[in-house]
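run36.pdb (PDB, C-alpha atoms (C1' of nucleotides))
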ATOM      1  CA  MET A 263      15.526  -8.401  -3.287
ATOM      2  CA  SER A 264      15.163  -8.134  -7.060
ATOM      3  CA  THR A 265      18.490  -7.605  -8.752
ATOM      4  CA  ASP A 266      17.399  -6.381 -12.178
ATOM      5  CA  GLN A 267      18.565  -2.836 -12.948
ATOM      6  CA  LEU A 268      15.083  -1.335 -12.966
ATOM      7  CA  SER A 269      14.208  -2.746  -9.534
ATOM      8  CA  LEU A 270      17.560  -1.622  -8.159
ATOM      9  CA  ALA A 271      17.036   1.917  -9.447
ATOM     10  CA  LEU A 272      13.484   2.148  -8.092
ATOM     11  CA  SER A 273      14.407   0.888  -4.670
ATOM     12  CA  ALA A 274      17.435   3.186  -4.603
ATOM     13  CA  LEU A 275      15.080   6.126  -5.148
ATOM     14  CA  ALA A 276      12.700   4.889  -2.462
ATOM     15  CA  HIS A 277      14.569   6.770   0.252
ATOM     16  CA  PRO A 278      14.371  10.537   0.760
ATOM     17  CA  ALA A 279      18.067  10.825   1.618
ATOM     18  CA  ARG A 280      19.083   9.139  -1.602
ATOM     19  CA  ARG A 281      16.750  11.321  -3.651
ATOM     20  CA  ALA A 282      18.235  14.372  -1.943
ATOM     21  CA  ILE A 283      21.742  13.150  -2.739
ATOM     22  CA  LEU A 284      20.834  12.701  -6.389
ATOM     23  CA  SER A 285      19.267  16.128  -6.609
ATOM     24  CA  LYS A 286      22.440  17.677  -5.231
ATOM     25  CA  LEU A 287      24.370  16.003  -8.013
ATOM     26  CA  VAL A 288      22.281  17.731 -10.682
ATOM     27  CA  SER A 289      24.534  20.748 -10.222
ATOM     28  CA  GLY A 290      27.720  18.733 -10.640
ATOM     29  CA  GLU A 291      30.221  16.531  -8.840
ATOM     30  CA  ARG A 292      30.167  16.489  -5.055
ATOM     31  CA  THR A 293      32.396  14.834  -2.459
ATOM     32  CA  VAL A 294      31.038  12.474   0.174
ATOM     33  CA  SER A 295      31.248  15.063   2.946
ATOM     34  CA  GLU A 296      29.503  17.689   0.839
ATOM     35  CA  LEU A 297      26.691  15.210   0.293
ATOM     36  CA  ALA A 298      26.607  14.154   3.942
ATOM     37  CA  GLU A 299      26.620  17.667   5.337
ATOM     38  CA  PRO A 300      22.884  18.566   5.267
ATOM     39  CA  PHE A 301      21.845  15.225   6.763
ATOM     40  CA  ASP A 302      22.015  14.304  10.394
ATOM     41  CA  MET A 303      23.628  11.031   9.471
ATOM     42  CA  THR A 304      26.852   9.221  10.312
ATOM     43  CA  GLY A 305      29.596   8.511   7.804
ATOM     44  CA  PRO A 306      28.839   4.823   7.330
ATOM     45  CA  ALA A 307      25.175   5.606   6.684
ATOM     46  CA  ILE A 308      26.086   7.943   3.817
ATOM     47  CA  THR A 309      28.620   5.457   2.471
ATOM     48  CA  LYS A 310      25.908   2.802   2.396
ATOM     49  CA  HIS A 311      23.436   5.083   0.620
ATOM     50  CA  LEU A 312      26.097   5.907  -1.953
ATOM     51  CA  LYS A 313      26.737   2.203  -2.472
ATOM     52  CA  VAL A 314      23.040   1.611  -3.074
ATOM     53  CA  LEU A 315      23.030   4.431  -5.640
ATOM     54  CA  GLU A 316      26.208   3.117  -7.241
ATOM     55  CA  ARG A 317      24.888  -0.440  -7.461
ATOM     56  CA  ALA A 318      21.763   0.947  -9.144
ATOM     57  CA  GLY A 319      23.986   2.739 -11.660
ATOM     58  CA  LEU A 320      22.702   6.142 -10.560
ATOM     59  CA  ILE A 321      26.104   7.532  -9.587
ATOM     60  CA  GLU A 322      29.716   7.106 -10.656
ATOM     61  CA  ARG A 323      32.702   7.690  -8.420
ATOM     62  CA  SER A 324      36.177   8.888  -9.185
ATOM     63  CA  ARG A 325      39.266   9.771  -7.211
ATOM     64  CA  ASP A 326      40.717  13.188  -6.417
ATOM     65  CA  ALA A 327      43.439  12.836  -3.757
ATOM     66  CA  GLN A 328      41.626  11.695  -0.590
ATOM     67  CA  ARG A 329      38.277  12.748  -1.996
ATOM     68  CA  ARG A 330      35.899  10.362  -3.779
ATOM     69  CA  PRO A 331      33.700  12.670  -5.845
ATOM     70  CA  CYS A 332      30.316  11.401  -7.015
ATOM     71  CA  ARG A 333      28.590  12.293 -10.220
ATOM     72  CA  LEU A 334      25.152  11.608 -11.579
ATOM     73  CA  ARG A 335      24.363   8.866 -14.102
ATOM     74  CA  ALA A 336      20.904   9.353 -15.532
ATOM     75  CA  GLU A 337      20.424   6.242 -17.677
ATOM     76  CA  PRO A 338      18.486   4.253 -15.062
ATOM     77  CA  LEU A 339      16.191   7.239 -14.631
ATOM     78  CA  LYS A 340      15.451   7.068 -18.311
ATOM     79  CA  ASP A 341      14.407   3.431 -17.858
ATOM     80  CA  ILE A 342      12.025   4.457 -15.083
ATOM     81  CA  HIS A 343      10.661   7.171 -17.331
ATOM     82  CA  ASN A 344      10.004   4.563 -20.011
ATOM     83  CA  LEU A 345       8.317   2.322 -17.461
ATOM     84  CA  LEU A 346       5.876   5.120 -16.653
ATOM     85  CA  ARG A 347       5.020   5.984 -20.233
ATOM     86  CA  PRO A 348       2.183   3.450 -20.692
ATOM     87  CA  TYR A 349       0.447   4.969 -17.657
ATOM     88  CA  GLN A 350       0.878   8.579 -18.634
ATOM     89  CA  ARG A 351      -2.478   8.868 -20.361
ATOM     90  CA  PHE A 352      -4.156   8.025 -17.043
ATOM     91  CA  TRP A 353      -3.073  11.288 -15.514
ATOM     92  CA  ASP A 354      -3.232  13.338 -18.683
ATOM     93  CA  GLU A 355      -6.950  12.550 -18.933
ATOM     94  CA  SER A 356      -9.406  13.887 -16.405
ATOM     95  CA  PHE A 357     -10.280  11.394 -13.698
ATOM     96  CA  GLU A 358     -13.892  11.109 -14.833
ATOM     97  CA  ARG A 359     -12.709   9.821 -18.180
ATOM     98  CA  LEU A 360     -10.524   7.105 -16.603
ATOM     99  CA  ASP A 361     -13.440   4.746 -16.062
ATOM    100  CA  ALA A 362     -14.608   5.227 -19.626
ATOM    101  CA  LEU A 363     -11.114   4.467 -20.902
ATOM    102  CA  LEU A 364     -10.863   1.323 -18.832
ATOM    103  CA  ASP A 365     -14.250   0.082 -19.991
ATOM    104  CA  GLU A 366     -13.307   0.790 -23.580
ATOM    105  CA  GLU A 367     -10.095  -1.250 -23.194
ATOM    106  CA  ASN A 368     -12.040  -4.110 -21.653
ATOM    107  CA  LYS A 369     -14.162  -4.516 -24.761
ATOM    108  CA  HIS A 370     -11.023  -5.121 -26.789
ATOM    109  CA  CYS A 371      -8.887  -7.379 -24.621
ATOM    110  CA  GLY A 372     -10.784  -8.281 -21.476
ATOM    111  CA  GLU A 373     -11.859 -11.791 -22.438
ATOM    112  CA  GLU A 374      -9.143 -14.379 -21.896
TER     113      GLU A 374
ATOM    114  CA  MET B 108      11.149   2.424   5.911
ATOM    115  CA  SER B 109      10.167   5.835   4.609
ATOM    116  CA  THR B 110       6.450   6.403   4.808
ATOM    117  CA  ASP B 111       5.980   9.390   2.522
ATOM    118  CA  GLN B 112       3.821   8.678  -0.520
ATOM    119  CA  LEU B 113       6.627   9.060  -3.031
ATOM    120  CA  SER B 114       8.898   6.587  -1.226
ATOM    121  CA  LEU B 115       6.018   4.145  -0.829
ATOM    122  CA  ALA B 116       5.207   4.307  -4.542
ATOM    123  CA  LEU B 117       8.833   3.863  -5.596
ATOM    124  CA  SER B 118       9.435   0.905  -3.324
ATOM    125  CA  ALA B 119       6.132  -0.637  -4.406
ATOM    126  CA  LEU B 120       7.387  -0.515  -7.998
ATOM    127  CA  ALA B 121      10.747  -2.012  -7.019
ATOM    128  CA  HIS B 122       9.474  -5.562  -7.487
ATOM    129  CA  PRO B 123       8.894  -7.188 -10.878
ATOM    130  CA  ALA B 124       5.724  -8.964  -9.729
ATOM    131  CA  ARG B 125       4.157  -5.700  -8.597
ATOM    132  CA  ARG B 126       5.080  -3.962 -11.854
ATOM    133  CA  ALA B 127       3.527  -6.876 -13.746
ATOM    134  CA  ILE B 128       0.365  -6.590 -11.655
ATOM    135  CA  LEU B 129       0.117  -2.884 -12.407
ATOM    136  CA  SER B 130       0.644  -3.396 -16.112
ATOM    137  CA  LYS B 131      -2.190  -5.934 -16.166
ATOM    138  CA  LEU B 132      -4.460  -3.331 -14.629
ATOM    139  CA  VAL B 133      -3.851  -0.931 -17.522
ATOM    140  CA  SER B 134      -6.498  -2.869 -19.434
ATOM    141  CA  GLY B 135      -9.044  -2.612 -16.623
ATOM    142  CA  GLU B 136     -10.187  -4.173 -13.368
ATOM    143  CA  ARG B 137      -8.887  -7.609 -12.466
ATOM    144  CA  THR B 138      -9.658  -9.990  -9.641
ATOM    145  CA  VAL B 139      -6.968 -11.295  -7.297
ATOM    146  CA  SER B 140      -6.880 -14.716  -8.952
ATOM    147  CA  GLU B 141      -6.635 -13.202 -12.429
ATOM    148  CA  LEU B 142      -3.646 -11.229 -11.207
ATOM    149  CA  ALA B 143      -2.104 -14.218  -9.427
ATOM    150  CA  GLU B 144      -2.500 -16.635 -12.343
ATOM    151  CA  PRO B 145       0.671 -15.896 -14.392
ATOM    152  CA  PHE B 146       2.932 -15.965 -11.329
ATOM    153  CA  ASP B 147       4.206 -19.047  -9.623
ATOM    154  CA  MET B 148       3.184 -17.593  -6.310
ATOM    155  CA  THR B 149       0.849 -18.559  -3.492
ATOM    156  CA  GLY B 150      -2.306 -16.649  -2.614
ATOM    157  CA  PRO B 151      -0.936 -14.968   0.485
ATOM    158  CA  ALA B 152       2.082 -13.715  -1.447
ATOM    159  CA  ILE B 153      -0.185 -11.973  -3.969
ATOM    160  CA  THR B 154      -2.324 -10.572  -1.164
ATOM    161  CA  LYS B 155       0.792  -9.039   0.361
ATOM    162  CA  HIS B 156       1.916  -7.509  -2.935
ATOM    163  CA  LEU B 157      -1.567  -6.041  -3.399
ATOM    164  CA  LYS B 158      -1.403  -4.537   0.072
ATOM    165  CA  VAL B 159       1.921  -2.897  -0.758
ATOM    166  CA  LEU B 160       0.382  -1.454  -3.933
ATOM    167  CA  GLU B 161      -2.724  -0.323  -2.059
ATOM    168  CA  ARG B 162      -0.702   1.333   0.707
ATOM    169  CA  ALA B 163       1.236   3.184  -2.005
ATOM    170  CA  GLY B 164      -2.064   4.380  -3.492
ATOM    171  CA  LEU B 165      -1.355   2.579  -6.771
ATOM    172  CA  ILE B 166      -4.474   0.414  -6.687
ATOM    173  CA  GLU B 167      -8.012   0.653  -5.343
ATOM    174  CA  ARG B 168     -10.136  -2.319  -4.372
ATOM    175  CA  SER B 169     -13.859  -2.899  -4.469
ATOM    176  CA  ARG B 170     -16.221  -5.766  -3.797
ATOM    177  CA  ASP B 171     -18.123  -7.940  -6.250
ATOM    178  CA  ALA B 172     -19.668 -10.888  -4.376
ATOM    179  CA  GLN B 173     -16.711 -12.983  -3.199
ATOM    180  CA  ARG B 174     -14.355 -11.249  -5.595
ATOM    181  CA  ARG B 175     -12.138  -8.282  -4.648
ATOM    182  CA  PRO B 176     -11.403  -6.542  -7.961
ATOM    183  CA  CYS B 177      -8.403  -4.228  -8.216
ATOM    184  CA  ARG B 178      -8.115  -1.148 -10.363
ATOM    185  CA  LEU B 179      -5.239   1.152 -11.187
ATOM    186  CA  ARG B 180      -4.703   4.549  -9.552
ATOM    187  CA  ALA B 181      -2.120   6.532 -11.473
ATOM    188  CA  GLU B 182      -1.631   9.617  -9.298
ATOM    189  CA  PRO B 183       1.477   8.335  -7.495
ATOM    190  CA  LEU B 184       2.999   7.536 -10.882
ATOM    191  CA  LYS B 185       2.492  11.151 -11.843
ATOM    192  CA  ASP B 186       4.472  12.170  -8.751
ATOM    193  CA  ILE B 187       7.304   9.878  -9.817
ATOM    194  CA  HIS B 188       7.166  11.392 -13.271
ATOM    195  CA  ASN B 189       7.509  14.845 -11.733
ATOM    196  CA  LEU B 190      10.438  13.651  -9.636
ATOM    197  CA  LEU B 191      12.252  12.601 -12.799
ATOM    198  CA  ARG B 192      11.654  15.825 -14.717
ATOM    199  CA  PRO B 193      14.730  17.733 -13.435
ATOM    200  CA  TYR B 194      16.919  14.893 -14.691
ATOM    201  CA  GLN B 195      15.328  14.515 -18.086
ATOM    202  CA  ARG B 196      17.751  16.814 -19.864
ATOM    203  CA  PHE B 197      20.577  14.466 -18.849
ATOM    204  CA  TRP B 198      19.293  11.774 -21.134
ATOM    205  CA  ASP B 199      17.900  14.071 -23.789
ATOM    206  CA  GLU B 200      21.387  15.481 -24.372
ATOM    207  CA  SER B 201      24.103  13.357 -25.871
ATOM    208  CA  PHE B 202      26.410  11.869 -23.285
ATOM    209  CA  GLU B 203      29.395  13.886 -24.450
ATOM    210  CA  ARG B 204      27.545  17.060 -23.620
ATOM    211  CA  LEU B 205      26.777  15.927 -20.069
ATOM    212  CA  ASP B 206      30.196  16.891 -18.764
ATOM    213  CA  ALA B 207      29.971  20.290 -20.371
ATOM    214  CA  LEU B 208      26.602  20.874 -18.757
ATOM    215  CA  LEU B 209      27.865  19.878 -15.349
ATOM    216  CA  ASP B 210      30.879  22.149 -15.616
ATOM    217  CA  GLU B 211      28.658  25.015 -16.710
ATOM    218  CA  GLU B 212      26.425  24.504 -13.658
ATOM    219  CA  ASN B 213      29.440  24.408 -11.379
ATOM    220  CA  LYS B 214      30.481  27.902 -12.413
ATOM    221  CA  HIS B 215      27.151  29.200 -11.130
ATOM    222  CA  CYS B 216      26.589  27.364  -7.857
ATOM    223  CA  GLY B 217      29.639  25.275  -7.025
ATOM    224  CA  GLU B 218      31.194  27.559  -4.414
ATOM    225  CA  GLU B 219      29.627  27.136  -0.973
TER     226      GLU B 219
ATOM    227  C1'  DA C 247      57.352  11.444  11.202
ATOM    228  C1'  DT C 248      52.972  13.005  12.965
ATOM    229  C1'  DT C 249      48.593  14.982  12.503
ATOM    230  C1'  DT C 250      44.561  16.133  10.055
ATOM    231  C1'  DT C 251      41.197  15.382   6.646
ATOM    232  C1'  DA C 252      38.357  12.417   3.952
ATOM    233  C1'  DT C 253      36.487   8.258   3.484
ATOM    234  C1'  DG C 254      35.835   3.273   4.107
ATOM    235  C1'  DT C 255      35.276  -1.242   6.676
ATOM    236  C1'  DT C 256      33.794  -4.237  10.307
ATOM    237  C1'  DA C 257      30.704  -5.954  13.570
ATOM    238  C1'  DC C 258      26.594  -5.506  15.594
ATOM    239  C1'  DT C 259      21.399  -4.477  16.167
ATOM    240  C1'  DA C 260      16.509  -3.678  15.142
ATOM    241  C1'  DA C 261      13.101  -3.455  11.723
ATOM    242  C1'  DT C 262      11.342  -4.791   7.248
ATOM    243  C1'  DT C 263      10.550  -7.782   3.240
ATOM    244  C1'  DG C 264       9.180 -11.718   0.658
ATOM    245  C1'  DG C 265       8.045 -15.944   0.977
ATOM    246  C1'  DT C 266       5.630 -20.320   2.982
ATOM    247  C1'  DA C 267       1.746 -23.560   5.078
ATOM    248  C1'  DA C 268      -2.364 -23.827   7.446
ATOM    249  C1'  DA C 269      -6.469 -22.038   9.221
ATOM    250  C1'  DG C 270     -10.202 -18.515   8.833
ATOM    251  C1'  DT C 271     -13.840 -15.698   6.597
ATOM    252  C1'  DA C 272     -17.299 -14.428   3.294
ATOM    253  C1'  DA C 273     -20.431 -15.016  -0.421
ATOM    254  C1'  DC C 274     -22.705 -17.868  -3.560
ATOM    255  C1'  DC C 275     -24.744 -22.540  -4.978
ATOM    256  C1'  DA C 276     -27.326 -26.890  -4.366
TER     257       DA C 276
ATOM    258  C1'  DT D 116     -27.180 -27.147   5.841
ATOM    259  C1'  DG D 117     -23.130 -28.129   3.650
ATOM    260  C1'  DG D 118     -19.777 -27.458  -0.119
ATOM    261  C1'  DT D 119     -17.057 -24.619  -3.216
ATOM    262  C1'  DT D 120     -14.813 -20.455  -4.642
ATOM    263  C1'  DA D 121     -12.241 -16.393  -3.625
ATOM    264  C1'  DC D 122      -9.512 -14.243  -0.803
ATOM    265  C1'  DT D 123      -7.325 -12.967   3.853
ATOM    266  C1'  DT D 124      -5.130 -13.747   8.286
ATOM    267  C1'  DT D 125      -1.987 -15.799  11.202
ATOM    268  C1'  DA D 126       2.049 -17.592  12.505
ATOM    269  C1'  DC D 127       6.602 -18.519  11.056
ATOM    270  C1'  DC D 128      11.221 -18.247   8.489
ATOM    271  C1'  DA D 129      15.350 -16.509   5.960
ATOM    272  C1'  DA D 130      17.354 -12.654   3.816
ATOM    273  C1'  DT D 131      17.921  -7.734   3.463
ATOM    274  C1'  DT D 132      18.082  -2.895   4.961
ATOM    275  C1'  DA D 133      19.180   1.018   7.665
ATOM    276  C1'  DG D 134      21.240   2.427  11.228
ATOM    277  C1'  DT D 135      25.034   2.609  14.998
ATOM    278  C1'  DA D 136      29.980   2.773  17.263
ATOM    279  C1'  DA D 137      34.580   1.707  16.741
ATOM    280  C1'  DC D 138      38.432   0.958  14.064
ATOM    281  C1'  DA D 139      41.252   1.234   9.597
ATOM    282  C1'  DT D 140      43.264   3.398   5.615
ATOM    283  C1'  DA D 141      45.045   6.909   2.456
ATOM    284  C1'  DA D 142      46.701  11.290   1.036
ATOM    285  C1'  DA D 143      48.031  16.079   2.344
ATOM    286  C1'  DA D 144      49.670  19.413   5.372
ATOM    287  C1'  DT D 145      52.901  20.600   9.074
TER     288       DT D 145
END
Please lay out the structure from this file as structure tokens.
Amino acid sequence: MSTDQLSLALSALAHPARRAILSKLVSGERTVSELAEPFDMTGPAITKHLKVLERAGLIERSRDAQRRPCRLRAEPLKDIHNLLRPYQRFWDESFERLDALLDEENKHCGEE
Amino acid sequence: MSTDQLSLALSALAHPARRAILSKLVSGERTVSELAEPFDMTGPAITKHLKVLERAGLIERSRDAQRRPCRLRAEPLKDIHNLLRPYQRFWDESFERLDALLDEENKHCGEE
DNA sequence: ATTTTATGTTACTAATTGGTAAAGTAACCA
DNA sequence: TGGTTACTTTACCAATTAGTAACATAAAAT
């Protein structure tokens, strides 16, 4: 597995349960059991998903008595957003124009 | 593994080699060997990465004699972009304001 | 002190990933 | 027909991931 932050964040998001967990955190801190509740998933499974998210820097955890609340950290998402930026024009243009754009680019830097 | 398009696209991007391949395709069609050249990687390894990208809908392949040129397909990237949108305000705001935002949200929907 | 609640750890399994070497296919070239 | 180029397929391997059941810990409530 690739251990750079960007790869970690992307592969953390590549699971519906983890995306659902993140989206729950948009509205604020949540405990592990609050996050686990809507999923038909055992405790250890949730714990592992949270570890993946934590390792990717997408959540932070604190302590509140026996609870371990999770909160969102959006920085890695910003990196993904930046990764996508060079491609954005490909979906902002109509699909017919894509070929034209590619051909145009080829004239400039296609020969090495 | 999750087989929905979004998960496939995200996990396809979660490898530096595949991101590098995609970024090469921004400037137009490339053959397999053109894509393989900068990596210290065997043919079969590249073929596998291309299959992952193809399965995720991020590239299309055609035929030109014995060559199998690849071209970019950006739609799945648009889906990722849309996935990120709800989080965007978290990095557009200063980090001090994040807590305030979260607390504000909690007042509205934190009690169930 | 004991129980309950909340969460984590360990040990195990099955499936997937990322890589290799070696053989196979497909199109062009002489 | 035979050789070369371009790429794929077929085993095979080691490492990782996603899940489970069972057990462990930590704080609060009784």
Using all atoms listed in the file, which residues of chain A come within 9 Å of chain C, and what is the closest atom pair for each, with the distance in Å to one decimal? Give it as a Markdown table, sorted by chain and residue number.
| residue | atom | partner | partner_atom | distance |
| --- | --- | --- | --- | --- |
| A:Met263 | CA | C:DG264 | C1' | 8.2 |
| A:Val294 | CA | C:DT253 | C1' | 7.6 |
| A:Ser295 | CA | C:DA252 | C1' | 7.7 |
| A:Gly305 | CA | C:DT253 | C1' | 8.1 |
| A:Pro306 | CA | C:DG254 | C1' | 7.9 |
| A:Thr309 | CA | C:DG254 | C1' | 7.7 |
| A:Gln328 | CA | C:DA252 | C1' | 5.6 |
| A:Arg329 | CA | C:DA252 | C1' | 6.0 |
| A:Arg330 | CA | C:DT253 | C1' | 7.6 |
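The nearest approach to chain B among the residues D:DC127, D:DA133, D:DG118, D:DT145, with all atoms listed in the file taken into account, belongs to D:DA133.
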> Any chance you could work out the residue set of the PyMOL selection byres ((chain D) within 12 of (chain A)) here, as a list in words?
Replying inline: DA130, DT131, DT132, DA133, DG134, DT135, DA136, DA137, DT140, DA141, DA142 and DA143 of chain D
Write the residues you've just listed into a file as a short mmCIF file (atom, residue, chain, number, x, y, z; two decimals), keeping the file's coordinate frame, and include C-alpha atoms (C1' of nucleotides) for each of them.
data_model
loop_
_atom_site.label_atom_id
_atom_site.label_comp_id
_atom_site.auth_asym_id
_atom_site.auth_seq_id
_atom_site.Cartn_x
_atom_site.Cartn_y
_atom_site.Cartn_z
"C1'" DA D 130 17.35 -12.65 3.82
"C1'" DT D 131 17.92 -7.73 3.46
"C1'" DT D 132 18.08 -2.90 4.96
"C1'" DA D 133 19.18 1.02 7.66
"C1'" DG D 134 21.24 2.43 11.23
"C1'" DT D 135 25.03 2.61 15.00
"C1'" DA D 136 29.98 2.77 17.26
"C1'" DA D 137 34.58 1.71 16.74
"C1'" DT D 140 43.26 3.40 5.62
"C1'" DA D 141 45.04 6.91 2.46
"C1'" DA D 142 46.70 11.29 1.04
"C1'" DA D 143 48.03 16.08 2.34
#
> Residues of chain B within 7 Å of chain A, using only C-alpha atoms, as a PyMOL selection string?
Replying inline: chain B and resi 109+114-115+117-118+120-122+134-135+181-182+184-185+188+191+194+197-198+209-210+212-213
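Taking atom CA of Arg125 of chain B as the reference point, atom C1' of DA126 of chain D is found at 24.3 Å.
In this structure, atom CA of Ile308 of chain A sits 17.5 Å away from atom C1' of DC138 of chain D.
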